[in-house]
Amino acid sequence: MSLSSGTPKFRVAICGAGIGGLVLAVTLGKFAGRDIHIDLYEAHDAITTAGAGISVWPRTTQIMEELGLYEEISRVSTEPPSSSNGPKMRKSNAPEGGFEWFHHIFTPYGPSNMHRQHLVDILKQHLPSSCTVHFNKRLTKYDKQSPESLILHFANGSTATTDVLVGADGIRSSVRKTFFETIDPDIVDPCKIRHYSDPSWTGKLVYRAVFPAEKLSKMDPNNVALKNLMLFCGRSKHIVSYPVSQGTQINVVACVSDEQKAGTHFEGHWVSDASLEEVEEAYQDFEPDAKNLLKCFENPSRWALHVVNELPLYTCNRVALIGDAAHAMTPHFGAGAGQAIEDAFVLGRLLAHPLTTLDSVPAALKAYQDVRLPFSQFVARGSERAGYMVEFRLPGYYDGTDRGNEREEMEVLKEKILGQWGWEREGGGIAQWLQAERQLQESVGLCNGR
């Protein structure tokens, strides 16, 4: 449905100019042209991003190809999107020296690693002319202005209206909070509202840093982390590292878990500065390669890792949730950003579809939810299990203690870990979009049998 008059068929407000929000705007612009007017609201005074390294799996790379971004993404990737690669796993909680556990090669292709800001910069350059970006607009709540429009309230006292609202505003999503606090009690049990609207602390503290690879090379020229995606594993803690910025920098994520604190309230700032001494103290029982990696930290940050509890729905009426607002997950699959991109692409294609009018927006949103909710939650559950495995905390499996048959127990756990993978190469974002399109066609009575 192309409106030759140039009048948009409806307005879409996207709250949050992170990776998910940007991909949604780019998708809408590419496939709807000027048929949809986009308002992109960002809480800060510029489009930036927290965190550093990011992994993009082949199923997500398909989407970048569809959006015409493949070549630009390839140029900022450490590994070409068409290369086979995978993590080297080490048992590292041995001060005198650990050992390589196994090397998992993803076939046919592994993830592409890049600096998160590089991806954001590429997406910003491709924002369509149909998109207006508004800065310093932190959403506090929204209301129904009429049966056909919503009114958005921002922290600076301003308001705006829209026809469709998409919450891409992260783990502390104001859209999600209002979504569940105002939902019909016949749809969601009122006793569960806080469980759905509030994030949950995992009991994990994550130390993050990015530093020049040259710094580690000078200190320890043979360090295994210089060229490889590494997992240094120990009981209730592990370190992930990989080169970014085409190998000139190393991104490190060091995780310490306390099962007793999972689900409790975290006191203090979720993200704060950490001292190098604090980081080194947490890994004093690790092998030299891991310790040298941590010694290179520059201005490390400490993150209290929170997640969003599994939600019963991602959409209602003309409001939808995507990315971390819908399914903020643990980082053990390196899948959070990729799942946000898949959400955004599928939703964008559905809203841009010729069959989607203002009246049929709820049908388009339901098709998005029916395809994306089960899969994204499946990935989130798998990521959580993977975290238990690499920290030797999976009940009934190797727990980090050598009982005389350590290698045998670790081999059993290895097979369990390998069994977690497969989702990254099965189907993909394009296949999910086609599935959602068929549902949309059926829901409006126009399925042609494809």
# chains A, B, ... in the order shown; residues from 1 in each chain; ligands from 1
>>> closest_atom_pairs(of="range 85-163 of chain A", to="range 398-422 of chain A", cutoff="10 Å", atoms="only C-alpha atoms", output="tab-separated table")
residue	atom	partner	partner_atom	distance
A:Met89	CA	A:Lys414	CA	9.6
A:Lys91	CA	A:Gly400	CA	8.7
A:Asn93	CA	A:Gly400	CA	8.5
A:Trp101	CA	A:Met410	CA	7.9
A:Phe102	CA	A:Lys414	CA	7.8
A:His104	CA	A:Leu418	CA	7.9
A:Phe106	CA	A:Trp421	CA	9.0
A:Thr107	CA	A:Gly422	CA	9.8
>>> write_last_selection(atoms="N, CA and C atoms", output="mmCIF file, in the first residue's frame")
data_model
loop_
_atom_site.group_PDB
_atom_site.id
_atom_site.type_symbol
_atom_site.label_atom_id
_atom_site.label_comp_id
_atom_site.auth_asym_id
_atom_site.auth_seq_id
_atom_site.Cartn_x
_atom_site.Cartn_y
_atom_site.Cartn_z
ATOM 1 N N MET A 89 38.217 -22.570 24.941
ATOM 2 C CA MET A 89 37.795 -22.690 26.336
ATOM 3 C C MET A 89 38.957 -23.227 27.164
ATOM 4 N N LYS A 91 40.317 -24.186 31.277
ATOM 5 C CA LYS A 91 40.096 -24.282 32.717
ATOM 6 C C LYS A 91 41.192 -23.446 33.361
ATOM 7 N N ASN A 93 41.101 -21.721 36.689
ATOM 8 C CA ASN A 93 41.251 -21.478 38.126
ATOM 9 C C ASN A 93 42.358 -22.373 38.687
ATOM 10 N N TRP A 101 40.698 -26.542 27.466
ATOM 11 C CA TRP A 101 39.631 -27.521 27.635
ATOM 12 C C TRP A 101 39.193 -28.025 26.267
ATOM 13 N N PHE A 102 38.729 -27.114 25.419
ATOM 14 C CA PHE A 102 38.416 -27.469 24.039
ATOM 15 C C PHE A 102 38.279 -26.194 23.217
ATOM 16 N N HIS A 104 35.929 -24.724 20.266
ATOM 17 C CA HIS A 104 34.684 -24.944 19.521
ATOM 18 C C HIS A 104 34.658 -24.049 18.289
ATOM 19 N N PHE A 106 32.550 -22.748 15.204
ATOM 20 C CA PHE A 106 31.202 -22.647 14.676
ATOM 21 C C PHE A 106 31.250 -22.814 13.155
ATOM 22 N N THR A 107 30.456 -23.744 12.641
ATOM 23 C CA THR A 107 30.411 -23.975 11.197
ATOM 24 C C THR A 107 28.986 -23.779 10.689
#
>>> select_by_dssp(residues="range 166-401 of chain A", states="strand (DSSP E)", output="PyMOL selection string")
chain A and resi 166-167+200-212+230-234+237-244+249-257+271-273+301-307+315-316+319-321
>>> atom_distance(atom1="CA of Asp45 in chain A", atom2="CA of Ala344 in chain A")
22.9 Å
>>> residues_around(residues="Phe333 in chain A", least_positions_apart="4", cutoff="10 Å", atoms="only C-alpha atoms", output="ChimeraX atom specification")
/A:55,329,379-380,382-387,420-421,424
>>> write_last_selection(atoms="N, CA, C and O atoms", output="PDB file, in the first residue's frame")
ATOM      1  N   SER A  55      28.905  -9.154  19.467  1.00  0.00           N
ATOM      2  CA  SER A  55      28.985 -10.279  18.537  1.00  0.00           C
ATOM      3  C   SER A  55      27.748 -10.279  17.655  1.00  0.00           C
ATOM      4  O   SER A  55      26.623 -10.117  18.150  1.00  0.00           O
ATOM      5  N   MET A 329      18.878 -10.149  28.583  1.00  0.00           N
ATOM      6  CA  MET A 329      19.350 -11.482  28.945  1.00  0.00           C
ATOM      7  C   MET A 329      20.800 -11.450  29.404  1.00  0.00           C
ATOM      8  O   MET A 329      21.488 -10.434  29.257  1.00  0.00           O
ATOM      9  N   VAL A 379      16.344 -18.290  23.525  1.00  0.00           N
ATOM     10  CA  VAL A 379      17.754 -17.898  23.532  1.00  0.00           C
ATOM     11  C   VAL A 379      18.158 -17.405  24.918  1.00  0.00           C
ATOM     12  O   VAL A 379      19.243 -17.740  25.421  1.00  0.00           O
ATOM     13  N   ALA A 380      17.310 -16.628  25.573  1.00  0.00           N
ATOM     14  CA  ALA A 380      17.626 -16.110  26.908  1.00  0.00           C
ATOM     15  C   ALA A 380      17.800 -17.248  27.912  1.00  0.00           C
ATOM     16  O   ALA A 380      18.726 -17.225  28.742  1.00  0.00           O
ATOM     17  N   GLY A 382      18.672 -20.338  27.200  1.00  0.00           N
ATOM     18  CA  GLY A 382      19.903 -21.031  26.852  1.00  0.00           C
ATOM     19  C   GLY A 382      21.133 -20.281  27.318  1.00  0.00           C
ATOM     20  O   GLY A 382      22.115 -20.880  27.781  1.00  0.00           O
ATOM     21  N   SER A 383      21.096 -18.959  27.207  1.00  0.00           N
ATOM     22  CA  SER A 383      22.213 -18.139  27.660  1.00  0.00           C
ATOM     23  C   SER A 383      22.427 -18.294  29.162  1.00  0.00           C
ATOM     24  O   SER A 383      23.565 -18.401  29.635  1.00  0.00           O
ATOM     25  N   GLU A 384      21.337 -18.331  29.906  1.00  0.00           N
ATOM     26  CA  GLU A 384      21.445 -18.511  31.357  1.00  0.00           C
ATOM     27  C   GLU A 384      22.074 -19.866  31.682  1.00  0.00           C
ATOM     28  O   GLU A 384      22.968 -19.962  32.535  1.00  0.00           O
ATOM     29  N   ARG A 385      21.636 -20.929  30.994  1.00  0.00           N
ATOM     30  CA  ARG A 385      22.210 -22.254  31.225  1.00  0.00           C
ATOM     31  C   ARG A 385      23.694 -22.292  30.866  1.00  0.00           C
ATOM     32  O   ARG A 385      24.508 -22.907  31.563  1.00  0.00           O
ATOM     33  N   ALA A 386      24.042 -21.626  29.757  1.00  0.00           N
ATOM     34  CA  ALA A 386      25.448 -21.594  29.337  1.00  0.00           C
ATOM     35  C   ALA A 386      26.318 -20.956  30.419  1.00  0.00           C
ATOM     36  O   ALA A 386      27.462 -21.382  30.641  1.00  0.00           O
ATOM     37  N   GLY A 387      25.787 -19.952  31.102  1.00  0.00           N
ATOM     38  CA  GLY A 387      26.531 -19.318  32.182  1.00  0.00           C
ATOM     39  C   GLY A 387      26.819 -20.282  33.314  1.00  0.00           C
ATOM     40  O   GLY A 387      27.920 -20.298  33.883  1.00  0.00           O
ATOM     41  N   GLN A 420      24.162 -26.998  23.539  1.00  0.00           N
ATOM     42  CA  GLN A 420      23.406 -25.748  23.686  1.00  0.00           C
ATOM     43  C   GLN A 420      23.361 -24.955  22.394  1.00  0.00           C
ATOM     44  O   GLN A 420      22.521 -24.077  22.230  1.00  0.00           O
ATOM     45  N   TRP A 421      24.312 -25.242  21.494  1.00  0.00           N
ATOM     46  CA  TRP A 421      24.418 -24.454  20.274  1.00  0.00           C
ATOM     47  C   TRP A 421      23.638 -25.092  19.134  1.00  0.00           C
ATOM     48  O   TRP A 421      23.289 -26.263  19.173  1.00  0.00           O
ATOM     49  N   GLU A 424      21.974 -20.619  16.598  1.00  0.00           N
ATOM     50  CA  GLU A 424      22.587 -19.500  15.879  1.00  0.00           C
ATOM     51  C   GLU A 424      22.647 -19.741  14.376  1.00  0.00           C
ATOM     52  O   GLU A 424      22.895 -18.809  13.603  1.00  0.00           O
TER      53      GLU A 424
END
>>> residues_around(residues="Glu267 in chain A", least_positions_apart="6", cutoff="12 Å", atoms="only C-alpha atoms", output="PyMOL selection string")
chain A and resi 201+203+261+304
>>> closest_residue(among="A:Asp220, A:Asp198, A:Glu287, A:Glu277", to="Gly234 in chain A", atoms="only C-alpha atoms")
A:Glu287
>>> closest_residue(among="A:Leu139, A:Leu394, A:Ala32, A:Val164", to="Val319 in chain A", atoms="only C-alpha atoms")
A:Val164
